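Visitor: Sharing structure_15.cif below, mmCIF, N, CA and C atoms:
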```cif
data_structure
#
loop_
_atom_site.label_atom_id
_atom_site.label_comp_id
_atom_site.auth_asym_id
_atom_site.auth_seq_id
_atom_site.Cartn_x
_atom_site.Cartn_y
_atom_site.Cartn_z
N MET C 1 88.27 80.36 83.36
CA MET C 1 88.99 81.56 82.95
C MET C 1 89.90 82.04 84.09
N ALA C 2 91.05 82.50 83.73
CA ALA C 2 92.01 82.98 84.73
C ALA C 2 91.44 84.20 85.45
N GLU C 3 91.86 84.36 86.68
CA GLU C 3 91.42 85.51 87.46
C GLU C 3 91.95 86.78 86.81
N GLN C 4 91.11 87.82 86.83
CA GLN C 4 91.53 89.10 86.25
C GLN C 4 92.73 89.65 86.98
N LYS C 5 93.69 90.13 86.23
CA LYS C 5 94.84 90.80 86.84
C LYS C 5 94.42 92.21 87.24
N LYS C 6 94.97 92.66 88.36
CA LYS C 6 94.59 93.97 88.88
C LYS C 6 95.71 94.99 88.68
N VAL C 7 95.33 96.14 88.14
CA VAL C 7 96.28 97.21 87.86
C VAL C 7 95.87 98.44 88.67
N PHE C 8 96.84 99.05 89.34
CA PHE C 8 96.57 100.26 90.12
C PHE C 8 97.38 101.39 89.47
N ILE C 9 96.69 102.45 89.09
CA ILE C 9 97.35 103.56 88.40
C ILE C 9 97.29 104.82 89.27
N PHE C 10 98.45 105.37 89.53
CA PHE C 10 98.55 106.63 90.28
C PHE C 10 98.94 107.74 89.31
N ASP C 11 98.04 108.70 89.12
CA ASP C 11 98.33 109.83 88.24
C ASP C 11 97.38 110.95 88.60
N ASP C 12 97.88 112.19 88.61
CA ASP C 12 96.98 113.30 88.96
C ASP C 12 96.27 113.86 87.74
N ASN C 13 96.52 113.26 86.56
CA ASN C 13 95.85 113.71 85.34
C ASN C 13 94.66 112.79 85.06
N THR C 14 93.45 113.33 85.22
CA THR C 14 92.26 112.48 85.08
C THR C 14 92.10 111.95 83.66
N ASP C 15 92.57 112.71 82.66
CA ASP C 15 92.49 112.22 81.28
C ASP C 15 93.32 110.95 81.10
N ILE C 16 94.52 110.96 81.69
CA ILE C 16 95.39 109.77 81.61
C ILE C 16 94.72 108.60 82.33
N LEU C 17 94.17 108.87 83.51
CA LEU C 17 93.52 107.80 84.27
C LEU C 17 92.36 107.20 83.48
N GLU C 18 91.55 108.07 82.87
CA GLU C 18 90.41 107.57 82.09
C GLU C 18 90.87 106.77 80.89
N LEU C 19 91.87 107.30 80.19
CA LEU C 19 92.39 106.63 79.01
C LEU C 19 92.95 105.24 79.36
N CYS C 20 93.79 105.19 80.38
CA CYS C 20 94.38 103.92 80.80
C CYS C 20 93.30 102.93 81.24
N THR C 21 92.30 103.44 81.96
CA THR C 21 91.21 102.57 82.42
C THR C 21 90.48 101.95 81.24
N ILE C 22 90.14 102.77 80.24
CA ILE C 22 89.42 102.27 79.06
C ILE C 22 90.26 101.21 78.34
N ILE C 23 91.52 101.53 78.09
CA ILE C 23 92.41 100.62 77.36
C ILE C 23 92.55 99.30 78.11
N LEU C 24 92.83 99.40 79.41
CA LEU C 24 93.15 98.19 80.16
C LEU C 24 91.91 97.36 80.51
N GLU C 25 90.78 98.01 80.72
CA GLU C 25 89.55 97.24 80.94
C GLU C 25 89.20 96.47 79.67
N ASP C 26 89.38 97.12 78.52
CA ASP C 26 89.16 96.45 77.24
C ASP C 26 90.06 95.23 77.10
N ALA C 27 91.27 95.33 77.63
CA ALA C 27 92.24 94.23 77.54
C ALA C 27 91.99 93.17 78.61
N GLY C 28 90.98 93.39 79.47
CA GLY C 28 90.60 92.37 80.44
C GLY C 28 91.18 92.53 81.83
N TYR C 29 91.70 93.72 82.14
CA TYR C 29 92.25 93.95 83.47
C TYR C 29 91.22 94.64 84.36
N GLU C 30 91.38 94.43 85.67
CA GLU C 30 90.59 95.17 86.64
C GLU C 30 91.44 96.38 87.04
N ILE C 31 90.82 97.57 87.07
CA ILE C 31 91.60 98.80 87.26
C ILE C 31 91.13 99.57 88.50
N LYS C 32 92.10 100.09 89.22
CA LYS C 32 91.82 101.06 90.28
C LYS C 32 92.74 102.24 90.02
N THR C 33 92.23 103.44 90.24
CA THR C 33 93.05 104.62 90.02
C THR C 33 93.03 105.52 91.24
N SER C 34 94.08 106.31 91.35
CA SER C 34 94.14 107.31 92.42
C SER C 34 94.91 108.50 91.91
N SER C 35 94.47 109.70 92.28
CA SER C 35 95.15 110.91 91.83
C SER C 35 96.16 111.39 92.87
N THR C 36 96.33 110.62 93.93
CA THR C 36 97.30 111.00 94.96
C THR C 36 97.97 109.75 95.52
N SER C 37 99.23 109.92 95.90
CA SER C 37 99.94 108.79 96.49
C SER C 37 100.06 108.94 98.01
N ASN C 38 99.19 109.77 98.59
CA ASN C 38 99.14 109.88 100.06
C ASN C 38 98.71 108.53 100.62
N ASN C 39 99.25 108.16 101.78
CA ASN C 39 98.89 106.87 102.39
C ASN C 39 99.03 105.73 101.39
N ILE C 40 100.13 105.75 100.64
CA ILE C 40 100.33 104.78 99.56
C ILE C 40 100.23 103.34 100.05
N ILE C 41 100.78 103.07 101.22
CA ILE C 41 100.76 101.70 101.74
C ILE C 41 99.31 101.25 101.98
N ASP C 42 98.52 102.14 102.59
CA ASP C 42 97.11 101.80 102.84
C ASP C 42 96.35 101.62 101.54
N GLN C 43 96.58 102.53 100.60
CA GLN C 43 95.87 102.45 99.31
C GLN C 43 96.16 101.13 98.61
N VAL C 44 97.44 100.79 98.54
CA VAL C 44 97.83 99.58 97.81
C VAL C 44 97.44 98.32 98.59
N SER C 45 97.58 98.36 99.91
CA SER C 45 97.23 97.19 100.73
C SER C 45 95.75 96.85 100.62
N ALA C 46 94.93 97.87 100.43
CA ALA C 46 93.48 97.65 100.36
C ALA C 46 93.07 96.99 99.04
N TYR C 47 93.94 97.03 98.05
CA TYR C 47 93.60 96.53 96.71
C TYR C 47 94.48 95.35 96.29
N ILE C 48 95.73 95.35 96.72
CA ILE C 48 96.73 94.35 96.33
C ILE C 48 96.71 94.10 94.81
N PRO C 49 97.19 95.08 94.05
CA PRO C 49 97.23 94.92 92.59
C PRO C 49 98.34 93.96 92.17
N ASP C 50 98.28 93.53 90.92
CA ASP C 50 99.35 92.71 90.34
C ASP C 50 100.47 93.59 89.80
N ILE C 51 100.13 94.83 89.47
CA ILE C 51 101.12 95.77 88.94
C ILE C 51 100.64 97.19 89.22
N ILE C 52 101.59 98.10 89.37
CA ILE C 52 101.27 99.50 89.69
C ILE C 52 101.93 100.41 88.66
N PHE C 53 101.19 101.40 88.20
CA PHE C 53 101.77 102.47 87.38
C PHE C 53 101.85 103.71 88.24
N MET C 54 103.03 104.31 88.28
CA MET C 54 103.27 105.46 89.16
C MET C 54 103.73 106.66 88.36
N ASP C 55 102.95 107.72 88.42
CA ASP C 55 103.34 108.97 87.78
C ASP C 55 104.41 109.65 88.64
N ASN C 56 105.23 110.48 88.02
CA ASN C 56 106.26 111.19 88.76
C ASN C 56 105.67 112.37 89.54
N TRP C 57 104.86 113.18 88.87
CA TRP C 57 104.37 114.42 89.48
C TRP C 57 103.03 114.18 90.17
N LEU C 58 103.09 113.82 91.42
CA LEU C 58 101.86 113.65 92.20
C LEU C 58 101.84 114.68 93.31
N PRO C 59 100.66 115.17 93.66
CA PRO C 59 100.59 116.17 94.74
C PRO C 59 101.04 115.56 96.07
N ASP C 60 101.58 116.37 96.93
CA ASP C 60 102.03 115.97 98.27
C ASP C 60 103.21 115.00 98.20
N VAL C 61 102.93 113.71 98.11
CA VAL C 61 104.00 112.71 98.05
C VAL C 61 104.27 112.40 96.59
N GLY C 62 105.48 112.70 96.11
CA GLY C 62 105.80 112.46 94.70
C GLY C 62 105.98 110.99 94.39
N GLY C 63 106.06 110.68 93.11
CA GLY C 63 106.17 109.30 92.67
C GLY C 63 107.40 108.58 93.18
N ILE C 64 108.53 109.30 93.26
CA ILE C 64 109.77 108.65 93.73
C ILE C 64 109.60 108.19 95.17
N ASP C 65 109.14 109.10 96.04
CA ASP C 65 108.98 108.74 97.46
C ASP C 65 107.93 107.65 97.64
N ALA C 66 106.85 107.75 96.86
CA ALA C 66 105.78 106.75 96.98
C ALA C 66 106.30 105.37 96.57
N THR C 67 107.07 105.33 95.49
CA THR C 67 107.61 104.05 95.02
C THR C 67 108.59 103.48 96.04
N ARG C 68 109.44 104.33 96.58
CA ARG C 68 110.39 103.87 97.60
C ARG C 68 109.67 103.30 98.81
N GLU C 69 108.58 103.97 99.19
CA GLU C 69 107.80 103.50 100.34
C GLU C 69 107.24 102.10 100.07
N LEU C 70 106.70 101.91 98.87
CA LEU C 70 106.17 100.59 98.51
C LEU C 70 107.27 99.53 98.51
N LYS C 71 108.42 99.89 97.97
CA LYS C 71 109.51 98.93 97.83
C LYS C 71 110.14 98.59 99.18
N SER C 72 109.90 99.42 100.19
CA SER C 72 110.45 99.12 101.51
C SER C 72 109.43 98.40 102.39
N ASP C 73 108.24 98.15 101.86
CA ASP C 73 107.20 97.46 102.63
C ASP C 73 107.28 95.96 102.35
N GLU C 74 107.44 95.18 103.41
CA GLU C 74 107.61 93.73 103.30
C GLU C 74 106.51 93.07 102.46
N ASN C 75 105.27 93.51 102.66
CA ASN C 75 104.14 92.84 101.99
C ASN C 75 103.92 93.30 100.55
N LEU C 76 104.46 94.46 100.20
CA LEU C 76 104.14 95.05 98.90
C LEU C 76 105.33 95.14 97.96
N LYS C 77 106.52 94.88 98.48
CA LYS C 77 107.73 95.16 97.70
C LYS C 77 107.84 94.34 96.42
N ASN C 78 107.14 93.21 96.34
CA ASN C 78 107.26 92.36 95.14
C ASN C 78 106.27 92.73 94.04
N ILE C 79 105.41 93.70 94.30
CA ILE C 79 104.49 94.15 93.25
C ILE C 79 105.30 95.03 92.28
N PRO C 80 105.31 94.69 90.99
CA PRO C 80 106.06 95.52 90.04
C PRO C 80 105.49 96.94 89.98
N VAL C 81 106.37 97.91 90.04
CA VAL C 81 105.98 99.32 89.89
C VAL C 81 106.58 99.82 88.58
N ILE C 82 105.71 100.31 87.70
CA ILE C 82 106.15 100.88 86.44
C ILE C 82 106.03 102.39 86.55
N TYR C 83 107.16 103.05 86.42
CA TYR C 83 107.18 104.51 86.53
C TYR C 83 106.73 105.08 85.21
N PHE C 84 105.77 105.98 85.21
CA PHE C 84 105.44 106.58 83.93
C PHE C 84 105.28 108.07 84.03
N SER C 85 105.93 108.74 83.07
CA SER C 85 106.06 110.18 83.15
C SER C 85 106.37 110.75 81.78
N ALA C 86 106.01 112.01 81.60
CA ALA C 86 106.37 112.72 80.38
C ALA C 86 107.75 113.34 80.52
N ASN C 87 108.36 113.19 81.68
CA ASN C 87 109.69 113.73 81.92
C ASN C 87 110.70 113.07 80.99
N ASN C 88 111.58 113.87 80.40
CA ASN C 88 112.58 113.32 79.47
C ASN C 88 113.49 112.30 80.15
N ASP C 89 113.58 112.42 81.44
CA ASP C 89 114.53 111.62 82.20
C ASP C 89 113.84 110.48 82.93
N VAL C 90 112.75 109.96 82.36
CA VAL C 90 111.94 108.98 83.07
C VAL C 90 112.75 107.74 83.47
N MET C 91 113.75 107.38 82.66
CA MET C 91 114.54 106.20 82.98
C MET C 91 115.33 106.41 84.27
N SER C 92 115.96 107.57 84.42
CA SER C 92 116.74 107.79 85.63
C SER C 92 115.82 108.02 86.84
N LEU C 93 114.66 108.62 86.62
CA LEU C 93 113.70 108.78 87.72
C LEU C 93 113.24 107.40 88.21
N ALA C 94 112.98 106.51 87.27
CA ALA C 94 112.57 105.15 87.63
C ALA C 94 113.66 104.47 88.45
N ASP C 95 114.92 104.68 88.04
CA ASP C 95 116.06 104.12 88.78
C ASP C 95 116.12 104.67 90.20
N GLN C 96 116.01 105.99 90.30
CA GLN C 96 116.05 106.64 91.63
C GLN C 96 114.95 106.09 92.53
N ALA C 97 113.80 105.85 91.95
CA ALA C 97 112.64 105.41 92.74
C ALA C 97 112.73 103.93 93.10
N GLY C 98 113.56 103.20 92.35
CA GLY C 98 113.62 101.76 92.57
C GLY C 98 112.48 101.04 91.87
N ALA C 99 111.94 101.65 90.82
CA ALA C 99 110.83 101.05 90.07
C ALA C 99 111.33 99.85 89.26
N ASP C 100 110.41 99.01 88.85
CA ASP C 100 110.76 97.80 88.10
C ASP C 100 110.85 98.05 86.60
N GLY C 101 110.32 99.18 86.16
CA GLY C 101 110.34 99.50 84.75
C GLY C 101 109.81 100.90 84.57
N TYR C 102 109.74 101.34 83.33
CA TYR C 102 109.22 102.69 83.09
C TYR C 102 108.56 102.74 81.73
N LEU C 103 107.71 103.73 81.59
CA LEU C 103 106.98 103.97 80.34
C LEU C 103 106.93 105.47 80.15
N SER C 104 107.42 105.93 78.99
CA SER C 104 107.39 107.37 78.72
C SER C 104 106.02 107.78 78.21
N LYS C 105 105.56 108.93 78.66
CA LYS C 105 104.35 109.52 78.10
C LYS C 105 104.78 110.50 77.02
N PRO C 106 104.06 110.66 75.94
CA PRO C 106 102.88 109.86 75.63
C PRO C 106 103.29 108.47 75.17
N PHE C 107 102.43 107.49 75.41
CA PHE C 107 102.73 106.12 75.01
C PHE C 107 101.60 105.64 74.12
N ASP C 108 101.83 104.56 73.40
CA ASP C 108 100.70 104.03 72.65
C ASP C 108 100.15 102.80 73.36
N ILE C 109 98.99 102.37 72.93
CA ILE C 109 98.27 101.28 73.59
C ILE C 109 99.13 100.02 73.67
N HIS C 110 99.85 99.75 72.60
CA HIS C 110 100.65 98.52 72.58
C HIS C 110 101.78 98.57 73.60
N GLU C 111 102.39 99.73 73.74
CA GLU C 111 103.46 99.87 74.74
C GLU C 111 102.91 99.61 76.13
N LEU C 112 101.74 100.14 76.40
CA LEU C 112 101.10 99.97 77.71
C LEU C 112 100.83 98.49 77.98
N GLU C 113 100.24 97.81 77.01
CA GLU C 113 99.93 96.39 77.18
C GLU C 113 101.20 95.55 77.26
N ASP C 114 102.20 95.89 76.43
CA ASP C 114 103.44 95.11 76.40
C ASP C 114 104.17 95.15 77.74
N ILE C 115 104.21 96.35 78.35
CA ILE C 115 104.97 96.45 79.60
C ILE C 115 104.26 95.67 80.72
N ILE C 116 102.94 95.62 80.68
CA ILE C 116 102.21 94.82 81.67
C ILE C 116 102.53 93.35 81.46
N LEU C 117 102.46 92.89 80.21
CA LEU C 117 102.74 91.48 79.93
C LEU C 117 104.18 91.11 80.32
N LYS C 118 105.08 92.06 80.12
CA LYS C 118 106.48 91.80 80.45
C LYS C 118 106.67 91.57 81.96
N HIS C 119 105.90 92.29 82.76
CA HIS C 119 106.11 92.24 84.22
C HIS C 119 105.14 91.32 84.95
N LEU C 120 104.14 90.83 84.26
CA LEU C 120 103.19 89.94 84.93
C LEU C 120 103.29 88.54 84.35
N PRO C 121 103.43 87.56 85.21
CA PRO C 121 103.42 86.19 84.71
C PRO C 121 102.05 85.88 84.13
N ALA C 122 102.02 85.15 83.06
CA ALA C 122 100.75 84.85 82.38
C ALA C 122 99.86 84.01 83.28
#
```
How does this structure look as C-alpha cells?

Guide:
Amino acid sequence: MAEQKKVFIFDDNTDILELCTIILEDAGYEIKTSSTSNNIIDQVSAYIPDIIFMDNWLPDVGGIDATRELKSDENLKNIPVIYFSANNDVMSLADQAGADGYLSKPFDIHELEDIILKHLPA
C-alpha cells in the first residue's frame, strides 16, 4: 500500500479543524492541525506534509505572511499551499500569498478531496 499522504491544516476554528480531520482521515490521509501559524517554518519542518491548507485569519501571523514565509524557504517552498477562507476575495488573497490554489469556505467534502488530488501526485 502506498504511504499515507500527509496534510497540515492551519485554522483557528476548531470546528473546521475537526471537520477536515474527520473527512480526510476517512479518505486515508494523515492529518496534523494547528490553530496558529507562529513559527510556521518549525511547525512545517517538523512534519513535512505533502500539502498544506492555510486559513487567512490566523492569530499573530496571518495566512498571507505565513504562506509567503513557507514559499521563501528553500526546503519547504515546493509543498503545495491551498489557501482557504470564507473571505469573498479568497482568490486574490491566495494570489497575494503566493499560494498554489484556494478553496472557499464553506466547501463540500468533494471539493476538499478534489483539490488535494489536483495538487498531489498519485

Visitor: List the spatial neighbours of Leu93 in chain C as a ChimeraX atom specification - criterion: any atom at most 8 Å away, only N, CA and C atoms, same-chain residues fewer than 3 positions off excluded.

Guide: /C:56,63-64,83,88-90,96-99

Visitor: Calculate how many Å separate atom N of Asn78 in chain C from atom N of Trp57 in chain C, rounding to one decimal.

Guide: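 We find that atom N of Asn78 in chain C and atom N of Trp57 in chain C lie 21.4 Å from each other.
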
Visitor: Run the PyMOL selection byres ((chain C and resi 21-34) around 5) on the file and write out the hits as a VMD selection string.

Guide: chain C and resid 5 to 11 17 to 20 35 to 36

Visitor: Please evaluate the PyMOL selection byres (((chain C and resi 79 and name CA) around 12) and name CA) against the structure above and give the resulting residues as a PyMOL selection string.

Guide: chain C and resi 6-8+41+44-45+47-53+67+70-78+80-82+98-101+116+119-121

Visitor: Save out the residues we just selected, N, CA and C atoms, as a JSON list (two decimals), in the coordinates of the input.

Guide:
```json
[["chain", "number", "residue", "atom", "x", "y", "z"],
["C", 6, "LYS", "N", 94.97, 92.66, 88.36],
["C", 6, "LYS", "CA", 94.59, 93.97, 88.88],
["C", 6, "LYS", "C", 95.71, 94.99, 88.68],
["C", 7, "VAL", "N", 95.33, 96.14, 88.14],
["C", 7, "VAL", "CA", 96.28, 97.21, 87.86],
["C", 7, "VAL", "C", 95.87, 98.44, 88.67],
["C", 8, "PHE", "N", 96.84, 99.05, 89.34],
["C", 8, "PHE", "CA", 96.57, 100.26, 90.12],
["C", 8, "PHE", "C", 97.38, 101.39, 89.47],
["C", 41, "ILE", "N", 100.78, 103.07, 101.22],
["C", 41, "ILE", "CA", 100.76, 101.70, 101.74],
["C", 41, "ILE", "C", 99.31, 101.25, 101.98],
["C", 44, "VAL", "N", 97.44, 100.79, 98.54],
["C", 44, "VAL", "CA", 97.83, 99.58, 97.81],
["C", 44, "VAL", "C", 97.44, 98.32, 98.59],
["C", 45, "SER", "N", 97.58, 98.36, 99.91],
["C", 45, "SER", "CA", 97.23, 97.19, 100.73],
["C", 45, "SER", "C", 95.75, 96.85, 100.62],
["C", 47, "TYR", "N", 93.94, 97.03, 98.05],
["C", 47, "TYR", "CA", 93.60, 96.53, 96.71],
["C", 47, "TYR", "C", 94.48, 95.35, 96.29],
["C", 48, "ILE", "N", 95.73, 95.35, 96.72],
["C", 48, "ILE", "CA", 96.73, 94.35, 96.33],
["C", 48, "ILE", "C", 96.71, 94.10, 94.81],
["C", 49, "PRO", "N", 97.19, 95.08, 94.05],
["C", 49, "PRO", "CA", 97.23, 94.92, 92.59],
["C", 49, "PRO", "C", 98.34, 93.96, 92.17],
["C", 50, "ASP", "N", 98.28, 93.53, 90.92],
["C", 50, "ASP", "CA", 99.35, 92.71, 90.34],
["C", 50, "ASP", "C", 100.47, 93.59, 89.80],
["C", 51, "ILE", "N", 100.13, 94.83, 89.47],
["C", 51, "ILE", "CA", 101.12, 95.77, 88.94],
["C", 51, "ILE", "C", 100.64, 97.19, 89.22],
["C", 52, "ILE", "N", 101.59, 98.10, 89.37],
["C", 52, "ILE", "CA", 101.27, 99.50, 89.69],
["C", 52, "ILE", "C", 101.93, 100.41, 88.66],
["C", 53, "PHE", "N", 101.19, 101.40, 88.20],
["C", 53, "PHE", "CA", 101.77, 102.47, 87.38],
["C", 53, "PHE", "C", 101.85, 103.71, 88.24],
["C", 67, "THR", "N", 107.07, 105.33, 95.49],
["C", 67, "THR", "CA", 107.61, 104.05, 95.02],
["C", 67, "THR", "C", 108.59, 103.48, 96.04],
["C", 70, "LEU", "N", 106.70, 101.91, 98.87],
["C", 70, "LEU", "CA", 106.17, 100.59, 98.51],
["C", 70, "LEU", "C", 107.27, 99.53, 98.51],
["C", 71, "LYS", "N", 108.42, 99.89, 97.97],
["C", 71, "LYS", "CA", 109.51, 98.93, 97.83],
["C", 71, "LYS", "C", 110.14, 98.59, 99.18],
["C", 72, "SER", "N", 109.90, 99.42, 100.19],
["C", 72, "SER", "CA", 110.45, 99.12, 101.51],
["C", 72, "SER", "C", 109.43, 98.40, 102.39],
["C", 73, "ASP", "N", 108.24, 98.15, 101.86],
["C", 73, "ASP", "CA", 107.20, 97.46, 102.63],
["C", 73, "ASP", "C", 107.28, 95.96, 102.35],
["C", 74, "GLU", "N", 107.44, 95.18, 103.41],
["C", 74, "GLU", "CA", 107.61, 93.73, 103.30],
["C", 74, "GLU", "C", 106.51, 93.07, 102.46],
["C", 75, "ASN", "N", 105.27, 93.51, 102.66],
["C", 75, "ASN", "CA", 104.14, 92.84, 101.99],
["C", 75, "ASN", "C", 103.92, 93.30, 100.55],
["C", 76, "LEU", "N", 104.46, 94.46, 100.20],
["C", 76, "LEU", "CA", 104.14, 95.05, 98.90],
["C", 76, "LEU", "C", 105.33, 95.14, 97.96],
["C", 77, "LYS", "N", 106.52, 94.88, 98.48],
["C", 77, "LYS", "CA", 107.73, 95.16, 97.70],
["C", 77, "LYS", "C", 107.84, 94.34, 96.42],
["C", 78, "ASN", "N", 107.14, 93.21, 96.34],
["C", 78, "ASN", "CA", 107.26, 92.36, 95.14],
["C", 78, "ASN", "C", 106.27, 92.73, 94.04],
["C", 80, "PRO", "N", 105.31, 94.69, 90.99],
["C", 80, "PRO", "CA", 106.06, 95.52, 90.04],
["C", 80, "PRO", "C", 105.49, 96.94, 89.98],
["C", 81, "VAL", "N", 106.37, 97.91, 90.04],
["C", 81, "VAL", "CA", 105.98, 99.32, 89.89],
["C", 81, "VAL", "C", 106.58, 99.82, 88.58],
["C", 82, "ILE", "N", 105.71, 100.31, 87.70],
["C", 82, "ILE", "CA", 106.15, 100.88, 86.44],
["C", 82, "ILE", "C", 106.03, 102.39, 86.55],
["C", 98, "GLY", "N", 113.56, 103.20, 92.35],
["C", 98, "GLY", "CA", 113.62, 101.76, 92.57],
["C", 98, "GLY", "C", 112.48, 101.04, 91.87],
["C", 99, "ALA", "N", 111.94, 101.65, 90.82],
["C", 99, "ALA", "CA", 110.83, 101.05, 90.07],
["C", 99, "ALA", "C", 111.33, 99.85, 89.26],
["C", 100, "ASP", "N", 110.41, 99.01, 88.85],
["C", 100, "ASP", "CA", 110.76, 97.80, 88.10],
["C", 100, "ASP", "C", 110.85, 98.05, 86.60],
["C", 101, "GLY", "N", 110.32, 99.18, 86.16],
["C", 101, "GLY", "CA", 110.34, 99.50, 84.75],
["C", 101, "GLY", "C", 109.81, 100.90, 84.57],
["C", 116, "ILE", "N", 102.94, 95.62, 80.68],
["C", 116, "ILE", "CA", 102.21, 94.82, 81.67],
["C", 116, "ILE", "C", 102.53, 93.35, 81.46],
["C", 119, "HIS", "N", 105.90, 92.29, 82.76],
["C", 119, "HIS", "CA", 106.11, 92.24, 84.22],
["C", 119, "HIS", "C", 105.14, 91.32, 84.95],
["C", 120, "LEU", "N", 104.14, 90.83, 84.26],
["C", 120, "LEU", "CA", 103.19, 89.94, 84.93],
["C", 120, "LEU", "C", 103.29, 88.54, 84.35],
["C", 121, "PRO", "N", 103.43, 87.56, 85.21],
["C", 121, "PRO", "CA", 103.42, 86.19, 84.71],
["C", 121, "PRO", "C", 102.05, 85.88, 84.13]]
```

Visitor: Could you jot down the CA of Asp15 in chain C to CA of Glu111 in chain C separation for me, Å, one decimal place?

Guide: 17.8 Å
